[in-house]
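Engineer: work11.cif is reproduced below (mmCIF, C-alpha atoms).
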```cif
data_work
#
loop_
_atom_site.group_PDB
_atom_site.id
_atom_site.type_symbol
_atom_site.label_atom_id
_atom_site.label_comp_id
_atom_site.auth_asym_id
_atom_site.auth_seq_id
_atom_site.Cartn_x
_atom_site.Cartn_y
_atom_site.Cartn_z
ATOM 1 C CA MET Y 1 14.156 -27.406 -19.037
ATOM 2 C CA ALA Y 2 16.050 -28.512 -15.934
ATOM 3 C CA SER Y 3 14.741 -28.770 -12.412
ATOM 4 C CA THR Y 4 14.277 -25.912 -9.959
ATOM 5 C CA SER Y 5 17.350 -24.062 -8.689
ATOM 6 C CA PHE Y 6 17.635 -21.262 -6.172
ATOM 7 C CA LEU Y 7 18.962 -17.716 -6.327
ATOM 8 C CA LEU Y 8 21.482 -16.342 -3.888
ATOM 9 C CA PRO Y 9 20.058 -14.036 -1.180
ATOM 10 C CA CYS Y 10 18.679 -10.920 -2.865
ATOM 11 C CA PRO Y 11 20.195 -7.476 -2.450
ATOM 12 C CA SER Y 12 18.223 -4.516 -1.207
ATOM 13 C CA PRO Y 13 19.260 -1.534 -3.348
ATOM 14 C CA ALA Y 14 17.674 1.824 -2.890
ATOM 15 C CA SER Y 15 14.235 2.332 -4.342
ATOM 16 C CA PRO Y 16 14.231 3.849 -7.865
ATOM 17 C CA ARG Y 17 13.203 7.397 -8.489
ATOM 18 C CA LEU Y 18 9.606 7.618 -9.633
ATOM 19 C CA SER Y 19 7.508 10.515 -10.864
ATOM 20 C CA SER Y 20 6.147 12.912 -8.277
ATOM 21 C CA PRO Y 21 3.934 13.193 -6.337
ATOM 22 C CA ARG Y 22 5.666 10.441 -4.307
ATOM 23 C CA PRO Y 23 3.568 8.154 -2.138
ATOM 24 C CA PRO Y 24 5.197 6.506 0.885
ATOM 25 C CA PRO Y 25 8.072 4.114 0.050
ATOM 26 C CA LEU Y 26 7.037 0.673 -1.074
ATOM 27 C CA ARG Y 27 7.502 -2.133 1.374
ATOM 28 C CA LEU Y 28 9.675 -4.355 -0.781
ATOM 29 C CA TYR Y 29 8.918 -7.603 1.032
ATOM 30 C CA PRO Y 30 5.180 -8.125 1.340
ATOM 31 C CA ASP Y 31 3.786 -10.923 3.404
ATOM 32 C CA LEU Y 32 4.830 -13.998 1.432
ATOM 33 C CA SER Y 33 2.371 -16.308 3.149
ATOM 34 C CA PRO Y 34 -1.008 -16.168 1.408
ATOM 35 C CA PRO Y 35 -4.167 -16.289 3.463
ATOM 36 C CA SER Y 36 -6.440 -19.271 3.306
ATOM 37 C CA PRO Y 37 -7.876 -19.390 -0.216
ATOM 38 C CA SER Y 38 -11.351 -18.034 -0.574
ATOM 39 C CA PRO Y 39 -13.668 -18.040 -3.565
ATOM 40 C CA LEU Y 40 -13.531 -15.055 -5.902
ATOM 41 C CA ARG Y 41 -16.345 -12.710 -4.983
ATOM 42 C CA LEU Y 42 -17.560 -10.674 -7.897
ATOM 43 C CA ARG Y 43 -20.674 -8.673 -8.373
ATOM 44 C CA SER Y 44 -23.510 -10.398 -10.132
ATOM 45 C CA PRO Y 45 -24.126 -9.297 -13.706
ATOM 46 C CA ARG Y 46 -26.969 -7.038 -14.614
ATOM 47 C CA SER Y 47 -28.412 -5.946 -17.886
ATOM 48 C CA ARG Y 48 -26.494 -3.448 -19.984
ATOM 49 C CA PRO Y 49 -28.092 -0.095 -20.847
ATOM 50 C CA PRO Y 50 -29.020 0.103 -24.524
ATOM 51 C CA LEU Y 51 -26.793 1.829 -27.010
ATOM 52 C CA ALA Y 52 -27.717 5.350 -27.982
ATOM 53 C CA SER Y 53 -30.495 5.139 -30.523
ATOM 54 C CA ALA Y 54 -29.078 7.891 -32.710
ATOM 55 C CA ALA Y 55 -27.284 6.860 -35.860
ATOM 56 C CA SER Y 56 -23.520 7.255 -35.917
ATOM 57 C CA PRO Y 57 -23.166 11.029 -35.677
ATOM 58 C CA SER Y 58 -20.774 13.080 -37.696
ATOM 59 C CA HIS Y 59 -18.167 14.881 -35.652
ATOM 60 C CA SER Y 60 -19.335 18.390 -36.492
ATOM 61 C CA PRO Y 61 -17.910 21.240 -34.438
ATOM 62 C CA THR Y 62 -19.965 22.313 -31.431
ATOM 63 C CA SER Y 63 -19.934 25.386 -29.248
ATOM 64 C CA SER Y 64 -18.393 23.318 -26.446
ATOM 65 C CA PRO Y 65 -14.592 22.988 -26.265
ATOM 66 C CA LEU Y 66 -15.086 19.282 -25.471
ATOM 67 C CA GLN Y 67 -14.259 17.460 -28.695
ATOM 68 C CA ALA Y 68 -12.957 14.125 -27.361
ATOM 69 C CA LEU Y 69 -13.646 12.063 -24.265
ATOM 70 C CA ILE Y 70 -10.909 9.553 -23.419
ATOM 71 C CA PHE Y 71 -11.319 6.746 -20.874
ATOM 72 C CA ASP Y 72 -8.686 4.670 -19.156
ATOM 73 C CA CYS Y 73 -9.794 1.040 -18.817
ATOM 74 C CA ASP Y 74 -8.618 -0.615 -15.587
ATOM 75 C CA GLY Y 75 -10.014 1.278 -12.610
ATOM 76 C CA VAL Y 76 -12.247 3.485 -14.784
ATOM 77 C CA ILE Y 77 -14.366 1.219 -16.986
ATOM 78 C CA LEU Y 78 -14.049 -1.622 -14.492
ATOM 79 C CA GLU Y 79 -12.630 -1.926 -10.988
ATOM 80 C CA SER Y 80 -10.079 -4.540 -11.838
ATOM 81 C CA GLU Y 81 -7.004 -4.367 -9.639
ATOM 82 C CA HIS Y 82 -8.107 -7.124 -7.258
ATOM 83 C CA LEU Y 83 -8.652 -9.336 -10.315
ATOM 84 C CA HIS Y 84 -5.185 -8.558 -11.683
ATOM 85 C CA ARG Y 85 -3.623 -9.268 -8.283
ATOM 86 C CA GLN Y 86 -5.358 -12.646 -8.102
ATOM 87 C CA ALA Y 87 -4.120 -13.530 -11.587
ATOM 88 C CA TYR Y 88 -0.517 -12.528 -10.721
ATOM 89 C CA ASN Y 89 -0.524 -14.604 -7.544
ATOM 90 C CA GLU Y 90 -1.896 -17.598 -9.423
ATOM 91 C CA ALA Y 91 0.874 -17.177 -12.018
ATOM 92 C CA PHE Y 92 3.532 -17.052 -9.279
ATOM 93 C CA ALA Y 93 2.075 -20.218 -7.734
ATOM 94 C CA HIS Y 94 1.788 -22.013 -11.093
ATOM 95 C CA PHE Y 95 5.466 -21.400 -11.921
ATOM 96 C CA ALA Y 96 6.706 -21.804 -8.324
ATOM 97 C CA VAL Y 97 8.233 -18.320 -8.363
ATOM 98 C CA ARG Y 98 10.194 -17.793 -5.143
ATOM 99 C CA CYS Y 99 11.482 -14.348 -4.313
ATOM 100 C CA PRO Y 100 13.507 -14.249 -2.160
ATOM 101 C CA PRO Y 101 14.564 -17.743 -3.298
ATOM 102 C CA SER Y 102 15.132 -18.846 0.302
ATOM 103 C CA THR Y 103 11.373 -18.840 0.957
ATOM 104 C CA SER Y 104 9.429 -22.084 0.921
ATOM 105 C CA GLN Y 105 6.246 -20.591 -0.558
ATOM 106 C CA PRO Y 106 5.623 -18.982 -3.954
ATOM 107 C CA LEU Y 107 5.713 -15.200 -4.183
ATOM 108 C CA TYR Y 108 2.455 -13.648 -3.006
ATOM 109 C CA TRP Y 109 1.510 -9.969 -3.381
ATOM 110 C CA ASN Y 110 -0.918 -9.021 -0.618
ATOM 111 C CA SER Y 111 -3.560 -6.355 -1.214
ATOM 112 C CA ASP Y 112 -1.840 -3.527 0.691
ATOM 113 C CA PHE Y 113 1.440 -4.029 -1.153
ATOM 114 C CA TYR Y 114 -0.253 -4.384 -4.537
ATOM 115 C CA ASP Y 115 -2.205 -1.163 -4.018
ATOM 116 C CA GLU Y 116 1.076 0.678 -3.509
ATOM 117 C CA LEU Y 117 2.764 -1.083 -6.411
ATOM 118 C CA GLN Y 118 0.034 -0.521 -8.975
ATOM 119 C CA ASN Y 119 -0.285 3.121 -7.958
ATOM 120 C CA ARG Y 120 3.442 3.606 -8.542
ATOM 121 C CA ILE Y 121 4.141 1.624 -11.714
ATOM 122 C CA GLY Y 122 1.882 1.232 -14.745
ATOM 123 C CA GLY Y 123 1.772 -1.966 -16.792
ATOM 124 C CA GLY Y 124 2.188 -5.587 -15.743
ATOM 125 C CA LYS Y 125 5.670 -6.262 -17.112
ATOM 126 C CA PRO Y 126 7.147 -3.087 -15.602
ATOM 127 C CA LYS Y 127 5.674 -4.082 -12.219
ATOM 128 C CA MET Y 128 7.402 -7.464 -12.220
ATOM 129 C CA ARG Y 129 10.606 -6.093 -13.702
ATOM 130 C CA TRP Y 130 10.826 -3.444 -10.978
ATOM 131 C CA TYR Y 131 10.028 -5.923 -8.210
ATOM 132 C CA PHE Y 132 12.635 -8.472 -9.326
ATOM 133 C CA ASN Y 133 15.260 -5.783 -9.867
ATOM 134 C CA GLU Y 134 14.690 -4.639 -6.291
ATOM 135 C CA ASN Y 135 14.493 -8.061 -4.640
ATOM 136 C CA GLY Y 136 16.668 -10.251 -6.843
ATOM 137 C CA TRP Y 137 15.538 -12.382 -9.763
ATOM 138 C CA PRO Y 138 13.566 -15.375 -8.525
ATOM 139 C CA SER Y 139 14.066 -19.079 -8.579
ATOM 140 C CA SER Y 140 11.583 -21.029 -10.707
ATOM 141 C CA PRO Y 141 11.460 -24.122 -12.917
ATOM 142 C CA ILE Y 142 11.513 -21.906 -16.018
ATOM 143 C CA PHE Y 143 15.342 -21.779 -16.062
ATOM 144 C CA GLU Y 144 17.965 -24.132 -14.668
ATOM 145 C CA THR Y 145 19.340 -21.146 -12.767
ATOM 146 C CA PRO Y 146 17.657 -17.797 -12.091
ATOM 147 C CA PRO Y 147 18.042 -15.554 -15.137
ATOM 148 C CA SER Y 148 21.143 -13.369 -15.255
ATOM 149 C CA THR Y 149 21.160 -12.090 -18.845
ATOM 150 C CA ASP Y 150 18.771 -9.412 -20.074
ATOM 151 C CA SER Y 151 17.280 -11.774 -22.659
ATOM 152 C CA ASP Y 152 16.552 -14.485 -20.083
ATOM 153 C CA LYS Y 153 15.069 -11.953 -17.673
ATOM 154 C CA GLU Y 154 12.743 -10.676 -20.381
ATOM 155 C CA ARG Y 155 11.773 -14.224 -21.311
ATOM 156 C CA LEU Y 156 10.837 -14.952 -17.699
ATOM 157 C CA ILE Y 157 8.745 -11.767 -17.550
ATOM 158 C CA ASP Y 158 7.055 -12.639 -20.860
ATOM 159 C CA ILE Y 159 6.164 -16.168 -19.710
ATOM 160 C CA LEU Y 160 4.707 -14.980 -16.408
ATOM 161 C CA GLN Y 161 2.791 -12.117 -18.019
ATOM 162 C CA ASP Y 162 1.334 -14.314 -20.779
ATOM 163 C CA TRP Y 163 0.060 -16.881 -18.259
ATOM 164 C CA LYS Y 164 -1.296 -14.146 -15.984
ATOM 165 C CA THR Y 165 -3.096 -12.487 -18.925
ATOM 166 C CA GLU Y 166 -4.798 -15.734 -19.936
ATOM 167 C CA ARG Y 167 -5.988 -16.281 -16.366
ATOM 168 C CA TYR Y 168 -7.292 -12.713 -16.199
ATOM 169 C CA LYS Y 169 -9.200 -13.299 -19.444
ATOM 170 C CA GLU Y 170 -10.892 -16.329 -17.915
ATOM 171 C CA ILE Y 171 -12.120 -14.178 -15.025
ATOM 172 C CA ILE Y 172 -13.462 -11.487 -17.363
ATOM 173 C CA LYS Y 173 -15.173 -14.058 -19.600
ATOM 174 C CA SER Y 174 -16.967 -15.525 -16.587
ATOM 175 C CA GLY Y 175 -19.728 -12.947 -17.138
ATOM 176 C CA THR Y 176 -19.768 -11.846 -13.505
ATOM 177 C CA VAL Y 177 -17.782 -8.619 -13.927
ATOM 178 C CA GLU Y 178 -19.562 -5.422 -14.919
ATOM 179 C CA PRO Y 179 -18.659 -1.808 -15.760
ATOM 180 C CA ARG Y 180 -18.361 0.837 -13.070
ATOM 181 C CA PRO Y 181 -21.479 2.985 -12.597
ATOM 182 C CA GLY Y 182 -22.157 5.725 -15.119
ATOM 183 C CA VAL Y 183 -19.535 4.724 -17.693
ATOM 184 C CA LEU Y 184 -21.862 3.377 -20.377
ATOM 185 C CA GLN Y 185 -24.262 6.307 -20.095
ATOM 186 C CA LEU Y 186 -21.469 8.838 -20.597
ATOM 187 C CA MET Y 187 -20.118 6.893 -23.568
ATOM 188 C CA ASP Y 188 -23.524 6.805 -25.226
ATOM 189 C CA ASP Y 189 -24.214 10.474 -24.527
ATOM 190 C CA ALA Y 190 -20.825 11.493 -25.939
ATOM 191 C CA LYS Y 191 -21.375 9.525 -29.147
ATOM 192 C CA GLY Y 192 -24.873 10.929 -29.481
ATOM 193 C CA ALA Y 193 -23.487 14.474 -29.166
ATOM 194 C CA GLY Y 194 -20.859 13.951 -31.870
ATOM 195 C CA ILE Y 195 -17.943 13.915 -29.417
ATOM 196 C CA ARG Y 196 -15.063 11.621 -30.308
ATOM 197 C CA LEU Y 197 -14.680 8.674 -27.965
ATOM 198 C CA ALA Y 198 -11.465 6.819 -27.111
ATOM 199 C CA VAL Y 199 -10.023 4.269 -24.690
ATOM 200 C CA CYS Y 200 -6.324 4.425 -23.744
ATOM 201 C CA SER Y 201 -5.013 1.703 -21.432
ATOM 202 C CA ALA Y 202 -1.526 0.698 -20.288
ATOM 203 C CA ALA Y 203 -2.585 -2.971 -20.257
ATOM 204 C CA THR Y 204 -1.859 -5.414 -23.078
ATOM 205 C CA LYS Y 205 -4.072 -5.088 -26.145
ATOM 206 C CA SER Y 206 -5.545 -8.587 -25.946
ATOM 207 C CA SER Y 207 -6.537 -8.037 -22.316
ATOM 208 C CA VAL Y 208 -8.163 -4.656 -22.995
ATOM 209 C CA VAL Y 209 -10.018 -5.886 -26.087
ATOM 210 C CA LEU Y 210 -11.507 -8.737 -24.069
ATOM 211 C CA CYS Y 211 -12.562 -6.382 -21.270
ATOM 212 C CA LEU Y 212 -14.183 -3.913 -23.628
ATOM 213 C CA GLU Y 213 -16.019 -6.512 -25.693
ATOM 214 C CA ASN Y 214 -17.428 -8.114 -22.545
ATOM 215 C CA LEU Y 215 -18.111 -4.968 -20.504
ATOM 216 C CA ILE Y 216 -19.167 -2.258 -22.949
ATOM 217 C CA GLY Y 217 -20.284 -4.594 -25.737
ATOM 218 C CA ILE Y 218 -18.877 -5.256 -29.199
ATOM 219 C CA GLU Y 219 -20.966 -2.527 -30.863
ATOM 220 C CA ARG Y 220 -19.697 0.205 -28.522
ATOM 221 C CA PHE Y 221 -16.150 -1.089 -28.820
ATOM 222 C CA GLU Y 222 -16.221 -1.055 -32.622
ATOM 223 C CA SER Y 223 -17.668 2.473 -32.624
ATOM 224 C CA LEU Y 224 -14.688 3.926 -30.707
ATOM 225 C CA ASP Y 225 -12.866 6.618 -32.640
ATOM 226 C CA CYS Y 226 -9.546 5.564 -31.124
ATOM 227 C CA PHE Y 227 -8.353 2.618 -29.079
ATOM 228 C CA LEU Y 228 -4.787 2.336 -27.778
ATOM 229 C CA ALA Y 229 -3.197 -0.215 -25.443
ATOM 230 C CA GLY Y 230 0.213 -0.569 -23.850
ATOM 231 C CA ASP Y 231 1.425 -2.488 -26.905
ATOM 232 C CA ASP Y 232 0.913 0.593 -29.089
ATOM 233 C CA VAL Y 233 3.448 2.863 -27.374
ATOM 234 C CA ILE Y 234 7.026 2.427 -26.189
ATOM 235 C CA ALA Y 235 6.667 4.168 -22.817
ATOM 236 C CA LYS Y 236 3.917 3.394 -20.290
ATOM 237 C CA LYS Y 237 1.980 5.848 -18.167
ATOM 238 C CA PRO Y 238 2.915 8.194 -16.443
ATOM 239 C CA ASP Y 239 4.702 8.936 -19.717
ATOM 240 C CA PRO Y 240 2.212 10.935 -21.858
ATOM 241 C CA SER Y 241 2.952 9.019 -25.087
ATOM 242 C CA ILE Y 242 -0.354 7.164 -25.196
ATOM 243 C CA TYR Y 243 -2.400 10.355 -24.873
ATOM 244 C CA LEU Y 244 -0.252 12.295 -27.332
ATOM 245 C CA THR Y 245 -0.744 9.448 -29.814
ATOM 246 C CA ALA Y 246 -4.494 9.481 -29.200
ATOM 247 C CA ALA Y 247 -4.711 13.224 -29.860
ATOM 248 C CA ARG Y 248 -2.956 12.758 -33.206
ATOM 249 C CA LYS Y 249 -5.227 9.895 -34.204
ATOM 250 C CA LEU Y 250 -8.338 11.803 -33.149
ATOM 251 C CA GLY Y 251 -7.203 15.007 -34.854
ATOM 252 C CA VAL Y 252 -7.968 17.015 -31.710
ATOM 253 C CA LEU Y 253 -5.845 19.410 -29.671
ATOM 254 C CA GLY Y 254 -4.957 18.208 -26.176
ATOM 255 C CA LYS Y 255 -6.829 21.094 -24.545
ATOM 256 C CA ASN Y 256 -10.052 19.931 -26.247
ATOM 257 C CA CYS Y 257 -9.734 16.391 -24.873
ATOM 258 C CA LEU Y 258 -11.020 15.342 -21.461
ATOM 259 C CA VAL Y 259 -9.422 12.275 -19.897
ATOM 260 C CA VAL Y 260 -11.110 10.056 -17.294
ATOM 261 C CA GLU Y 261 -8.545 8.368 -15.021
ATOM 262 C CA ASP Y 262 -8.486 6.696 -11.605
ATOM 263 C CA SER Y 263 -4.900 7.181 -10.391
ATOM 264 C CA VAL Y 264 -2.038 9.658 -10.091
ATOM 265 C CA ILE Y 265 -0.121 7.722 -12.748
ATOM 266 C CA GLY Y 266 -2.911 8.293 -15.258
ATOM 267 C CA LEU Y 267 -3.365 11.895 -14.159
ATOM 268 C CA GLN Y 268 0.331 12.573 -14.747
ATOM 269 C CA ALA Y 269 0.126 11.031 -18.227
ATOM 270 C CA ALA Y 270 -2.887 13.163 -19.167
ATOM 271 C CA SER Y 271 -1.352 16.344 -17.735
ATOM 272 C CA GLY Y 272 1.901 15.656 -19.590
ATOM 273 C CA ALA Y 273 -0.094 15.525 -22.834
ATOM 274 C CA GLY Y 274 -1.751 18.870 -22.060
ATOM 275 C CA MET Y 275 -5.144 17.248 -21.470
ATOM 276 C CA PRO Y 276 -7.485 18.198 -18.620
ATOM 277 C CA CYS Y 277 -8.369 15.170 -16.495
ATOM 278 C CA ILE Y 278 -11.122 14.136 -14.121
ATOM 279 C CA ILE Y 279 -10.622 11.365 -11.586
ATOM 280 C CA THR Y 280 -13.050 8.608 -10.676
ATOM 281 C CA TYR Y 281 -11.116 6.975 -7.866
ATOM 282 C CA THR Y 282 -11.287 3.430 -6.495
ATOM 283 C CA SER Y 283 -10.777 2.089 -2.993
ATOM 284 C CA SER Y 284 -7.068 1.613 -3.735
ATOM 285 C CA THR Y 285 -6.503 5.120 -5.149
ATOM 286 C CA ALA Y 286 -8.830 7.210 -2.969
ATOM 287 C CA ASN Y 287 -6.018 8.645 -0.828
ATOM 288 C CA GLN Y 288 -3.805 9.820 -3.686
ATOM 289 C CA ASP Y 289 -3.088 13.475 -4.376
ATOM 290 C CA PHE Y 290 -5.360 14.574 -7.224
ATOM 291 C CA LYS Y 291 -4.785 18.318 -6.933
ATOM 292 C CA ASP Y 292 -4.057 18.599 -10.664
ATOM 293 C CA ALA Y 293 -7.408 17.069 -11.665
ATOM 294 C CA ILE Y 294 -10.206 19.429 -12.640
ATOM 295 C CA ALA Y 295 -12.714 17.277 -10.723
ATOM 296 C CA THR Y 296 -12.726 14.151 -8.562
ATOM 297 C CA TYR Y 297 -15.592 11.658 -8.151
ATOM 298 C CA PRO Y 298 -16.118 8.339 -6.343
ATOM 299 C CA ASP Y 299 -17.774 7.084 -9.555
ATOM 300 C CA LEU Y 300 -19.581 8.471 -12.595
ATOM 301 C CA SER Y 301 -23.134 7.539 -11.641
ATOM 302 C CA ASN Y 302 -24.211 11.166 -11.113
ATOM 303 C CA VAL Y 303 -21.945 12.773 -13.722
ATOM 304 C CA ARG Y 304 -23.586 13.991 -16.920
ATOM 305 C CA LEU Y 305 -22.088 15.066 -20.226
ATOM 306 C CA GLN Y 306 -23.128 18.660 -19.614
ATOM 307 C CA ASP Y 307 -21.157 18.581 -16.343
ATOM 308 C CA LEU Y 308 -18.035 17.575 -18.251
ATOM 309 C CA LYS Y 309 -18.555 20.296 -20.856
ATOM 310 C CA SER Y 310 -18.878 22.912 -18.117
ATOM 311 C CA LEU Y 311 -15.815 21.617 -16.275
ATOM 312 C CA LEU Y 312 -13.672 21.793 -19.407
ATOM 313 C CA GLN Y 313 -14.976 25.258 -20.293
ATOM 314 C CA ASN Y 314 -14.203 26.561 -16.808
ATOM 315 C CA SER Y 315 -10.756 24.944 -16.865
ATOM 316 C CA LEU Y 316 -9.851 26.620 -20.152
ATOM 317 C CA VAL Y 317 -11.077 29.986 -18.913
ATOM 318 C CA ALA Y 318 -9.098 29.638 -15.678
ATOM 319 C CA ASN Y 319 -5.925 28.800 -17.567
#
```
Please render this file's structure as structure tokens.

Structural biologist:
Amino acid sequence: MASTSFLLPCPSPASPRLSSPRPPPLRLYPDLSPPSPSPLRLRSPRSRPPLASAASPSHSPTSSPLQALIFDCDGVILESEHLHRQAYNEAFAHFAVRCPPSTSQPLYWNSDFYDELQNRIGGGKPKMRWYFNENGWPSSPIFETPPSTDSDKERLIDILQDWKTERYKEIIKSGTVEPRPGVLQLMDDAKGAGIRLAVCSAATKSSVVLCLENLIGIERFESLDCFLAGDDVIAKKPDPSIYLTAARKLGVLGKNCLVVEDSVIGLQAASGAGMPCIITYTSSTANQDFKDAIATYPDLSNVRLQDLKSLLQNSLVAN
């Protein structure tokens, strides 16, 4: 590998068309100067609720139309976006990624910009690919010159994403990150009631597996009836592919599935698959337009399985 070289000044083409509803246009050039570093502040761990004591139930039909409960991971099982943003910024610093290349500091995505970006584009590689396509491919020590061919661009994305993923894993394995309120109880109640349980995430499989094993426990993870990650489908959310695939694997009609998401991107994916969706929003998604959701909650701490059954029943009747 040769030494660092710099890209010509980056163009500013028009923003790409993205699925509606459309939030305000992204600010393409976030503040490139990071604030003074501060220690990662994560919530202290607390004991996990026990698994449901019932033996693995058979999936016998019930009077309720709810036959499968499907969770997203990031933002639903754990509030993770600030952890992903930290890992991306550390990757940009590690590889001296400069975009625009005329800047003296590594690329830095501030929290306001990242909130907009992650609410627009699902998946880590698509985020970087979109950003570099908009702002020009960056200078870095990875190539003698900034990548110009498709293969070199994809190699740069792969290298950055792999390093970022490993850093994110270190954060998750620290033992100081815990599930969002109410998630484990709903999972256990669903399994105890014979309802199929699935997790569908746009993130890479290795990252999601690590999160689930550490946050819901290996026994719950292994008892899932379906688990799909971004690696398992060609198109990322808001494309409905991941939920359509889950329905086939579960052997359940879309209308009998209930999806738990945290963002408009996830809501669009569920709706595109014909699946009713509830939203448990985070601080970064609270202001999005969730009019197509059948219910919206700040978290799941006060949501019970019977509530979800009633919501789905009422939704089917209304439609």

Engineer: Determine, using only C-alpha atoms, which residues of segment 142-239 of chain Y have any atom at most 8 Å from an atom of segment 298-319 of chain Y, and tabulate each with its shortest atom pair and distance in Å to one decimal place, rows ordered by chain and then rising number, as a Markdown table.

Structural biologist:
```
| residue | atom | partner | partner_atom | distance |
| --- | --- | --- | --- | --- |
| Y:Arg180 | CA | Y:Asp299 | CA | 7.2 |
| Y:Pro181 | CA | Y:Ser301 | CA | 4.9 |
| Y:Gly182 | CA | Y:Ser301 | CA | 4.0 |
| Y:Val183 | CA | Y:Leu300 | CA | 6.3 |
| Y:Leu186 | CA | Y:Leu305 | CA | 6.3 |
| Y:Asp189 | CA | Y:Leu305 | CA | 6.6 |
| Y:Ala190 | CA | Y:Leu305 | CA | 6.9 |
```

Engineer: Convert the output of the PyMOL selection byres ((chain Y and resi 242) around 9) on the shown file into explicit residues, formatted as a PyMOL selection string.

Structural biologist: chain Y and resi 200-202+228-230+232-237+239-241+243-247+269-270+273

Engineer: Deliver the residues from the most recent selection as a file, using C-alpha atoms, as a CSV table (one decimal), in the coordinates of the input.

Structural biologist:
```csv
chain,number,residue,atom,x,y,z
Y,200,CYS,CA,-6.3,4.4,-23.7
Y,201,SER,CA,-5.0,1.7,-21.4
Y,202,ALA,CA,-1.5,0.7,-20.3
Y,228,LEU,CA,-4.8,2.3,-27.8
Y,229,ALA,CA,-3.2,-0.2,-25.4
Y,230,GLY,CA,0.2,-0.6,-23.8
Y,232,ASP,CA,0.9,0.6,-29.1
Y,233,VAL,CA,3.4,2.9,-27.4
Y,234,ILE,CA,7.0,2.4,-26.2
Y,235,ALA,CA,6.7,4.2,-22.8
Y,236,LYS,CA,3.9,3.4,-20.3
Y,237,LYS,CA,2.0,5.8,-18.2
Y,239,ASP,CA,4.7,8.9,-19.7
Y,240,PRO,CA,2.2,10.9,-21.9
Y,241,SER,CA,3.0,9.0,-25.1
Y,243,TYR,CA,-2.4,10.4,-24.9
Y,244,LEU,CA,-0.3,12.3,-27.3
Y,245,THR,CA,-0.7,9.4,-29.8
Y,246,ALA,CA,-4.5,9.5,-29.2
Y,247,ALA,CA,-4.7,13.2,-29.9
Y,269,ALA,CA,0.1,11.0,-18.2
Y,270,ALA,CA,-2.9,13.2,-19.2
Y,273,ALA,CA,-0.1,15.5,-22.8
```

Engineer: Restricting the calculation to only C-alpha atoms: of Y:Glu222, Y:Asp112, Y:Glu261, Y:Glu213, which residue gets closest to His82 of chain Y?

Structural biologist: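 Comparing Y:Glu222, Y:Asp112, Y:Glu261, Y:Glu213 against His82 of chain Y, the winner is Y:Asp112.
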
Engineer: Between atom CA of Gln86 of chain Y and atom CA of Ile70 of chain Y, what is the distance, to one decimal in Å?

Structural biologist: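 Atom CA of Ile70 of chain Y lies 27.5 Å from atom CA of Gln86 of chain Y.
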
Engineer: Of the candidates Y:Leu267, Y:Leu69, Y:Ile77, Y:Ala91, which one gets nearest to Glu178 of chain Y if we count all atoms listed in the file?

Structural biologist: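 That would be Y:Ile77, the residue with the smallest distance to Glu178 of chain Y.
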
Engineer: Could you tell me how far atom CA of Gln105 of chain Y lies from atom CA of Glu170 of chain Y, in Å and to one decimal?

Structural biologist: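 Spanning atom CA of Gln105 of chain Y to atom CA of Glu170 of chain Y is a straight-line distance of 24.8 Å.
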
Engineer: How would you write, as number ranges by chain, the residues chosen by the PyMOL selection byres ((chain Y and resi 84) around 12) on this structure?

Structural biologist: Y: 74-75, 78-83, 85-91, 109-111, 114-115, 118, 123-124, 127, 161, 163-172, 203, 207

Engineer: For Arg248 of chain Y, which residue among Y:Asp225, Y:Pro65, Y:Asp158, Y:Leu215 is the nearest when counting only C-alpha atoms?

Structural biologist: Y:Asp225

Engineer: Mind giving me the straight-line distance from atom CA of Pro147 of chain Y to atom CA of Met128 of chain Y in Å, one decimal?

Structural biologist: 13.7 Å
